[in-house]
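**Q** Submitted below is the structure of interest, expressed as structure tokens.
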Amino acid sequence: MLDAPVGLRPVRVWHARVWRDSRVRNAAWLRPWEPTNPETPLYRSGLGPYVAMARTMRREARQGLALPWVVTYGGQFVGQLTVGSIIWGSARSGQVGYWIDEAVAGRGVIPTALAMALDHCFLVVGLHRVEASIRPENHASRRVVEKLGFREEGLRRRYLHIDGAWRDHLCYALTAEDVRGGLLTQWRDTLSASRSGTAS
């Protein structure tokens, strides 16, 4: 489990190089779960597309459409988490997506980062609902949201183009009412109980 601090930092253009290096190194690990989008340079070795992607994310953040972060573990870049497709008005909702370097997967980094991000979304930004759409076969990602109390709300048929084909996704969701005391506090309590042997 966690043996170093987890952090979230806003995406910056200077993250492009380490971001690129991590994506290229983790290409086989990430490819089955990533959207097929020719505009998104998931595994290219050139730096330019990553700089452009960081600039796009920062522009969307300024417009209130996304909250893009890099995930750090022990101060080192290990992944990325974005709450995007933000809708204001009467919906006040967003969609979360994330990925983690295979080298640190399974240590609780992404659940911790996601709990931090959602506390910010609900308690600071004022969102009411955040959804996560996950392929049924992606058991590791489903475990992340289930650990944090997301509800499974149904199957979205052929929802996203992933790894070369239209794929079904399960919709998970969490609302502000579900985590009134803060999600990070709940998650830390779960980790503490697990370490002490009082949780299943």
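Letters A, B, ... mark the chains of the structure tokens in the order given; residue numbers begin at 1 per chain; ligand numbers begin at 1, in order shown.
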Identify, on the basis of only C-alpha atoms, every residue whose closest approach to A:Arg129 does not exceed 6 Å; exclude the query and any residue fewer than 6 positions from it along the same chain; express the result as an MDAnalysis selection string.
**A** chainID A and resid 93 174:175
**Q** Counting only C-alpha atoms, which residues of stretch 29-122 of chain A fall within 8 Å of stretch 182-194 of chain A, and what is the closest atom pair for each with its distance in Å at one decimal, ordered by chain and rising number, as CSV?
**A**
```
residue,atom,partner,partner_atom,distance
A:Pro111,CA,A:Trp187,CA,8.0
A:Thr112,CA,A:Leu184,CA,6.9
A:Ala115,CA,A:Leu184,CA,4.8
A:Met116,CA,A:Leu184,CA,5.8
A:Leu118,CA,A:Leu183,CA,7.1
A:Asp119,CA,A:Gly182,CA,5.9
```
**Q** For A:Ala105, which residue out of A:Ala140, A:Val124, A:Ala132, A:Leu47 is the nearest one, using only C-alpha atoms?
**A**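 Looking at the shortest contact to A:Ala105, the residue is A:Ala140.
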**Q** Using only C-alpha atoms for the distances, tell me which of A:Met57, A:Val71, A:Ala176, A:Met1 is nearest to A:Gly126.
**A** A:Ala176
**Q** Identify, on the basis of only C-alpha atoms, every residue whose closest approach to stretch 73-78 of chain A does not exceed 10 Å; exclude the query and any residue fewer than 3 positions from it along the same chain; express the result as a PyMOL selection string.
**A** chain A and resi 2-9+15+18-19+22-23+70+99-105+109-110+113
**Q** What does the structure give for the distance between atom CA of A:Trp14 and atom CA of A:Ala117, in Å to one decimal?
**A** 21.3 Å
**Q** Within stretch 2-188 of chain A, find each residue whose DSSP state, derived from the backbone, is strand (DSSP E or B), and express the selection as a PyMOL selection string.
**A** chain A and resi 6-10+35+67-73+76-87+93-100+129-134+151-162+165-175
